[in-house]
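Visitor: I am sharing target-v9.cif, which consists of mmCIF, C-alpha atoms and all ligand atoms:
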```cif
data_target
loop_
_atom_site.label_atom_id
_atom_site.label_comp_id
_atom_site.auth_asym_id
_atom_site.auth_seq_id
_atom_site.Cartn_x
_atom_site.Cartn_y
_atom_site.Cartn_z
CA MET V 1 22.88 29.33 -50.61
CA SER V 2 20.73 26.23 -50.32
CA LYS V 3 17.81 26.22 -47.92
CA THR V 4 17.45 23.93 -44.92
CA LEU V 5 14.31 21.87 -44.46
CA ILE V 6 13.56 19.88 -41.31
CA THR V 7 10.34 17.89 -40.93
CA LEU V 8 8.81 16.90 -37.61
CA ASP V 9 6.06 14.29 -37.67
CA GLY V 10 4.27 12.42 -34.91
CA PRO V 11 0.96 11.98 -33.12
CA SER V 12 -1.07 14.70 -31.36
CA GLY V 13 0.37 16.28 -28.25
CA VAL V 14 3.87 14.88 -28.70
CA GLY V 15 5.50 18.32 -28.60
CA LYS V 16 6.11 18.99 -32.30
CA THR V 17 5.10 22.64 -32.18
CA THR V 18 7.07 23.46 -29.03
CA ILE V 19 10.21 21.73 -30.30
CA GLY V 20 9.72 23.05 -33.83
CA LYS V 21 9.48 26.68 -32.73
CA HIS V 22 12.61 26.42 -30.55
CA LEU V 23 14.53 24.61 -33.25
CA ALA V 24 13.54 27.11 -35.94
CA SER V 25 14.53 30.08 -33.81
CA ASP V 26 17.84 28.40 -32.87
CA LEU V 27 18.69 27.70 -36.54
CA ASN V 28 17.24 30.96 -37.86
CA LEU V 29 14.62 29.16 -39.95
CA GLU V 30 10.91 29.77 -40.37
CA PHE V 31 8.48 27.52 -38.51
CA PHE V 32 5.14 26.29 -39.74
CA SER V 33 2.55 23.95 -38.31
CA SER V 34 0.73 22.25 -41.18
CA GLY V 35 -2.20 21.25 -38.95
CA LEU V 36 -3.20 24.93 -38.88
CA LEU V 37 -4.15 24.71 -42.55
CA TYR V 38 -6.42 21.72 -41.92
CA ARG V 39 -7.92 23.61 -38.98
CA VAL V 40 -8.58 26.75 -41.07
CA ILE V 41 -10.20 24.66 -43.82
CA ALA V 42 -12.34 22.84 -41.21
CA LEU V 43 -13.52 26.16 -39.74
CA HIS V 44 -14.18 27.55 -43.22
CA ASN V 45 -16.27 24.47 -44.01
CA GLU V 46 -18.14 24.84 -40.72
CA LYS V 47 -18.89 28.49 -41.51
CA THR V 48 -19.73 28.27 -45.21
CA ASN V 49 -20.73 24.62 -45.53
CA SER V 50 -18.47 24.34 -48.56
CA PHE V 51 -14.94 23.43 -49.53
CA ASN V 52 -14.69 26.28 -52.02
CA LEU V 53 -11.19 27.63 -51.57
CA ASN V 54 -10.54 29.98 -54.45
CA GLU V 55 -8.34 32.44 -52.57
CA PHE V 56 -6.30 31.32 -49.58
CA GLU V 57 -4.13 34.01 -48.04
CA ILE V 58 -1.94 33.72 -44.95
CA ILE V 59 -2.09 37.25 -43.53
CA SER V 60 0.11 36.62 -40.50
CA ASN V 61 2.06 33.64 -39.31
CA ASP V 62 2.34 33.65 -35.53
CA PRO V 63 -0.40 33.75 -34.37
CA ILE V 64 -1.90 32.61 -37.65
CA VAL V 65 -4.50 34.73 -39.43
CA CYS V 66 -5.85 33.41 -42.76
CA LYS V 67 -8.25 34.86 -45.26
CA VAL V 68 -10.23 32.34 -47.29
CA ASP V 69 -12.52 33.72 -49.96
CA GLY V 70 -13.07 36.89 -47.94
CA ASN V 71 -13.53 35.17 -44.54
CA VAL V 72 -10.90 35.86 -41.87
CA TYR V 73 -9.89 33.02 -39.49
CA LYS V 74 -7.73 33.53 -36.40
CA GLU V 75 -5.62 31.03 -34.49
CA LYS V 76 -7.55 31.54 -31.25
CA ASN V 77 -10.66 30.00 -32.86
CA LEU V 78 -8.87 26.97 -34.30
CA TYR V 79 -8.40 24.87 -31.16
CA THR V 80 -11.96 24.07 -30.12
CA PRO V 81 -12.98 20.40 -29.57
CA GLU V 82 -15.13 20.61 -32.74
CA ILE V 83 -12.23 21.80 -34.89
CA ASN V 84 -9.86 19.21 -33.34
CA THR V 85 -12.19 16.49 -34.63
CA LYS V 86 -13.31 18.13 -37.86
CA SER V 87 -9.77 18.96 -39.01
CA SER V 88 -8.84 15.30 -38.66
CA GLU V 89 -11.99 14.25 -40.54
CA ILE V 90 -11.53 16.57 -43.52
CA ALA V 91 -7.83 15.61 -43.63
CA GLN V 92 -8.99 12.29 -45.09
CA LEU V 93 -10.01 13.98 -48.35
CA SER V 94 -7.51 13.88 -51.20
CA GLU V 95 -8.62 17.27 -52.65
CA ILE V 96 -7.98 18.95 -49.29
CA ARG V 97 -4.58 17.27 -48.88
CA MET V 98 -3.60 18.47 -52.35
CA ILE V 99 -4.48 22.08 -51.48
CA VAL V 100 -2.45 21.90 -48.26
CA PHE V 101 0.44 20.24 -50.13
CA ASN V 102 0.55 23.10 -52.64
CA ILE V 103 0.38 25.83 -49.96
CA LEU V 104 3.24 24.20 -48.01
CA GLN V 105 5.43 23.84 -51.12
CA PHE V 106 4.75 27.48 -51.95
CA MET V 107 5.72 28.54 -48.42
CA PHE V 108 8.99 26.62 -48.53
CA ASN V 109 9.86 27.98 -51.97
CA ASN V 110 9.27 31.50 -50.67
CA SER V 111 11.11 31.09 -47.35
CA LYS V 112 14.44 32.90 -47.04
CA SER V 113 16.72 30.34 -45.45
CA GLY V 114 14.39 27.37 -45.04
CA MET V 115 11.82 25.89 -42.71
CA VAL V 116 11.05 23.62 -39.83
CA VAL V 117 7.63 22.19 -40.62
CA GLU V 118 5.53 19.89 -38.46
CA GLY V 119 2.56 17.60 -39.11
CA ARG V 120 1.65 14.01 -39.88
CA ASP V 121 2.97 13.49 -43.43
CA MET V 122 5.68 16.14 -43.76
CA GLY V 123 8.57 13.71 -44.21
CA SER V 124 6.62 10.91 -45.88
CA VAL V 125 4.67 12.86 -48.53
CA VAL V 126 4.96 16.66 -48.66
CA PHE V 127 8.73 17.08 -48.26
CA LYS V 128 10.24 13.75 -49.25
CA ASN V 129 13.61 15.43 -49.91
CA ALA V 130 13.92 17.17 -46.53
CA ASP V 131 17.44 17.53 -45.13
CA LEU V 132 16.42 15.94 -41.86
CA LYS V 133 13.27 14.01 -40.91
CA ILE V 134 12.35 13.60 -37.28
CA TYR V 135 9.57 11.42 -35.91
CA LEU V 136 8.66 12.29 -32.33
CA ASP V 137 6.88 9.79 -30.14
CA ALA V 138 5.59 9.55 -26.57
CA SER V 139 3.01 7.47 -24.73
CA GLU V 140 -0.67 8.32 -24.97
CA VAL V 141 -0.76 9.15 -21.24
CA THR V 142 2.11 11.64 -21.53
CA ARG V 143 0.60 13.25 -24.63
CA SER V 144 -2.79 13.58 -23.07
CA GLU V 145 -1.28 15.11 -19.89
CA ARG V 146 0.52 17.66 -22.07
CA ARG V 147 -2.71 18.53 -23.83
CA LYS V 148 -4.45 19.08 -20.48
CA ALA V 149 -1.70 21.45 -19.41
CA GLN V 150 -2.11 23.57 -22.56
CA SER V 151 -4.46 26.39 -21.75
CA GLY V 152 -5.67 26.81 -25.36
CA ASN V 153 -6.35 23.18 -26.27
CA LYS V 154 -7.85 20.92 -23.64
CA GLU V 155 -8.49 17.61 -25.38
CA SER V 156 -9.71 14.50 -23.56
CA VAL V 157 -7.78 11.22 -23.78
CA GLU V 158 -10.70 9.70 -25.70
CA ASP V 159 -10.78 12.52 -28.26
CA LEU V 160 -7.00 12.43 -28.65
CA ARG V 161 -7.09 8.64 -29.17
CA ALA V 162 -9.93 8.86 -31.74
CA ARG V 163 -8.08 11.56 -33.67
CA ASP V 164 -4.79 9.63 -33.67
CA LEU V 165 -6.55 6.46 -34.85
CA ARG V 166 -8.20 8.39 -37.69
CA ASP V 167 -4.88 10.00 -38.66
CA ILE V 168 -3.03 6.65 -38.56
CA ASN V 169 -5.66 4.58 -40.38
CA ARG V 170 -6.74 6.90 -43.18
CA LYS V 171 -6.08 5.75 -46.74
CA ILE V 172 -4.26 8.84 -48.01
CA SER V 173 -1.07 10.10 -46.36
CA PRO V 174 -1.60 8.43 -42.99
CA LEU V 175 0.65 9.20 -40.05
CA ILE V 176 3.64 6.87 -40.48
CA ILE V 177 7.30 6.91 -39.57
CA PRO V 178 9.03 8.04 -42.79
CA ASP V 179 11.60 5.46 -43.98
CA ASP V 180 14.57 7.73 -43.48
CA ALA V 181 13.37 9.47 -40.29
CA ILE V 182 15.16 9.60 -36.97
CA VAL V 183 12.79 8.45 -34.26
CA ILE V 184 13.11 10.28 -30.95
CA ASN V 185 11.16 9.42 -27.85
CA ASN V 186 9.99 12.62 -26.20
CA GLU V 187 8.93 11.04 -22.93
CA ASN V 188 11.37 12.45 -20.41
CA LYS V 189 13.56 14.86 -22.34
CA SER V 190 13.96 18.59 -21.88
CA ILE V 191 13.59 20.90 -24.86
CA GLU V 192 17.34 21.62 -24.68
CA GLU V 193 18.19 17.89 -24.85
CA LEU V 194 15.90 17.38 -27.83
CA ILE V 195 17.27 20.38 -29.72
CA LYS V 196 20.81 19.10 -29.07
CA ILE V 197 19.96 15.63 -30.45
CA ILE V 198 18.27 17.11 -33.53
CA LYS V 199 21.16 19.50 -34.25
CA GLU V 200 23.70 16.69 -33.93
CA ASN V 201 21.71 14.66 -36.44
CA LEU V 202 21.47 17.63 -38.80
CA LYS V 203 25.28 17.87 -38.84
CA LEU V 204 25.53 14.19 -39.75
CA GLN V 205 23.31 14.55 -42.83
O1 LIG D 1 -1.37 19.14 -35.65
P1 LIG D 1 -2.80 19.49 -35.42
O2 LIG D 1 -3.35 18.86 -34.17
O3 LIG D 1 -3.06 20.97 -35.47
O4 LIG D 1 -3.60 18.83 -36.67
C1 LIG D 1 -4.99 18.84 -36.75
C2 LIG D 1 -5.43 17.71 -37.68
O5 LIG D 1 -5.02 18.01 -39.01
C3 LIG D 1 -4.85 16.33 -37.38
O6 LIG D 1 -5.62 15.60 -36.45
C4 LIG D 1 -4.83 15.68 -38.71
C5 LIG D 1 -4.64 16.80 -39.69
N1 LIG D 1 -3.28 16.89 -40.16
C6 LIG D 1 -2.93 16.04 -41.19
O7 LIG D 1 -3.73 15.21 -41.61
N2 LIG D 1 -1.69 16.13 -41.75
C7 LIG D 1 -0.80 17.02 -41.30
N3 LIG D 1 0.39 17.09 -41.87
C8 LIG D 1 -1.13 17.88 -40.22
C9 LIG D 1 -2.38 17.77 -39.66
#
```
Please go through the file and, once you have read it, give me the structure as structure tokens.
Ligand code: DC

Guide:
Amino acid sequence: MSKTLITLDGPSGVGKTTIGKHLASDLNLEFFSSGLLYRVIALHNEKTNSFNLNEFEIISNDPIVCKVDGNVYKEKNLYTPEINTKSSEIAQLSEIRMIVFNILQFMFNNSKSGMVVEGRDMGSVVFKNADLKIYLDASEVTRSERRKAQSGNKESVEDLRARDLRDINRKISPLIIPDDAIVINNENKSIEELIKIIKENLKLQ
């Protein structure tokens, strides 16, 4: 049986993780948020002052726990203002992007029935052959309001804007709308409506 792969890309706070988790559970697929890997690497760099990543182990998925060269990193420490910024900064480095690329490919190859994976370059670079590519968008005001409502990740409008600009303008794998993606505006839609739209598009592929 062939595996299903759905990519969700878009700017910060647009709802990719919320939608992705619902969609994955609805379709019986695994879900993964690629930003977590950049966040773990940023925290590892903060702690060790190096980008040495000889052994990278994902111990648990939700909430994420990773072990990098003997250091354990937990999801609850990955959403600080410092890591929000630093993860976006280190994501500009080609060596780091290559490591994340390889981990994600490995995860998909090892998934049972497939994955819903979210990020900034999932459909454009990492999984060019995905079955369905979604690009979610919403205004900066809406995205920032959503961020404020999230207990674990309060990010100011200014920080969110700076991060988005860095992610959009970087040289390697910037945030773009993949050529063959379906663009959905997530301004005033319920999760149920979005899931319905995405599932209808999946059937059409
Ligand atoms: O999705 P997130 O907010 O957890 O991502 C944190 C940062 O990681 C984001 O600002 C840029 C980087 N990132 C990336 O460059 N490419 C991805 N596919 C996912 C995240």

Visitor: Kindly work out which residues sit at most 6 Å from ligand LIG 1 (chain D), using all atoms listed in the file, and give the list as a list in words.

Guide: Ser12, Ser34, Gly35, Leu36, Tyr38, Asn84, Ser87, Ser88, Ala91, Gly119, Arg120, Asp121, Met122, Arg163 and Asp167 of chain V

Visitor: Please dump the current selection as a PDB file, in the coordinates of the input; keep C-alpha atoms.

Guide:
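Printed below is out.pdb as written:
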```pdb
ATOM      1  CA  SER V  12      -1.070  14.700 -31.360  1.00  0.00           C
ATOM      2  CA  SER V  34       0.730  22.250 -41.180  1.00  0.00           C
ATOM      3  CA  GLY V  35      -2.200  21.250 -38.950  1.00  0.00           C
ATOM      4  CA  LEU V  36      -3.200  24.930 -38.880  1.00  0.00           C
ATOM      5  CA  TYR V  38      -6.420  21.720 -41.920  1.00  0.00           C
ATOM      6  CA  ASN V  84      -9.860  19.210 -33.340  1.00  0.00           C
ATOM      7  CA  SER V  87      -9.770  18.960 -39.010  1.00  0.00           C
ATOM      8  CA  SER V  88      -8.840  15.300 -38.660  1.00  0.00           C
ATOM      9  CA  ALA V  91      -7.830  15.610 -43.630  1.00  0.00           C
ATOM     10  CA  GLY V 119       2.560  17.600 -39.110  1.00  0.00           C
ATOM     11  CA  ARG V 120       1.650  14.010 -39.880  1.00  0.00           C
ATOM     12  CA  ASP V 121       2.970  13.490 -43.430  1.00  0.00           C
ATOM     13  CA  MET V 122       5.680  16.140 -43.760  1.00  0.00           C
ATOM     14  CA  ARG V 163      -8.080  11.560 -33.670  1.00  0.00           C
ATOM     15  CA  ASP V 167      -4.880  10.000 -38.660  1.00  0.00           C
TER      16      ASP V 167
END
```

Visitor: Residues at most 12 Å from Asn52 in chain V, counting only C-alpha atoms, excluding those fewer than 2 positions away in the same chain, as a PyMOL selection string?

Guide: chain V and resi 41-42+44-50+54-56+68-71+95-96+99

Visitor: So which residues touch Ile182 in chain V within 12 Å, counting all atoms listed in the file, skipping near sequence neighbours fewer than 3 positions away, as a VMD selection string?

Guide: chain V and resid 6 to 10 123 131 to 137 177 to 179 185 197 to 202 204 to 205

Visitor: For each of V:Asn77, V:Ser113, V:Asn102, V:Asn186, take the minimum atom-to-atom distance to Ser25 in chain V, counting all atoms listed in the file, then give the residue where this is smallest.

Guide: V:Ser113

Visitor: Distance CA of Ser156 in chain V-CA of Pro81 in chain V, one decimal place?

Guide: 9.0 Å

Visitor: Measure the distance from CA of Glu158 in chain V to CA of Pro63 in chain V in Å and round it to one decimal.

Guide: 27.6 Å

Visitor: Please report the interatomic distance between CA of Gly20 in chain V and CA of Ile191 in chain V in Å with one decimal.

Guide: 10.0 Å

Visitor: Check the smallest atom-to-atom distance from each of V:Thr18, V:Leu53, V:Lys203, V:Arg166 to Thr85 in chain V using only C-alpha atoms, then report the winner.

Guide: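 Among the listed residues, V:Arg166 lies closest to Thr85 in chain V.
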
Visitor: Pick the closest to Glu187 in chain V from V:Leu78, V:Cys66, V:Val141, V:Leu27: which is it, counting all atoms listed in the file?

Guide: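 Among the listed residues, V:Val141 lies closest to Glu187 in chain V.
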
Visitor: Give the answer as one residue: which of V:Ala149, V:Ala138, V:Ala181, V:Ala162 has the shortest atom-to-atom distance to Gly15 in chain V, using all atoms listed in the file?

Guide: V:Ala138
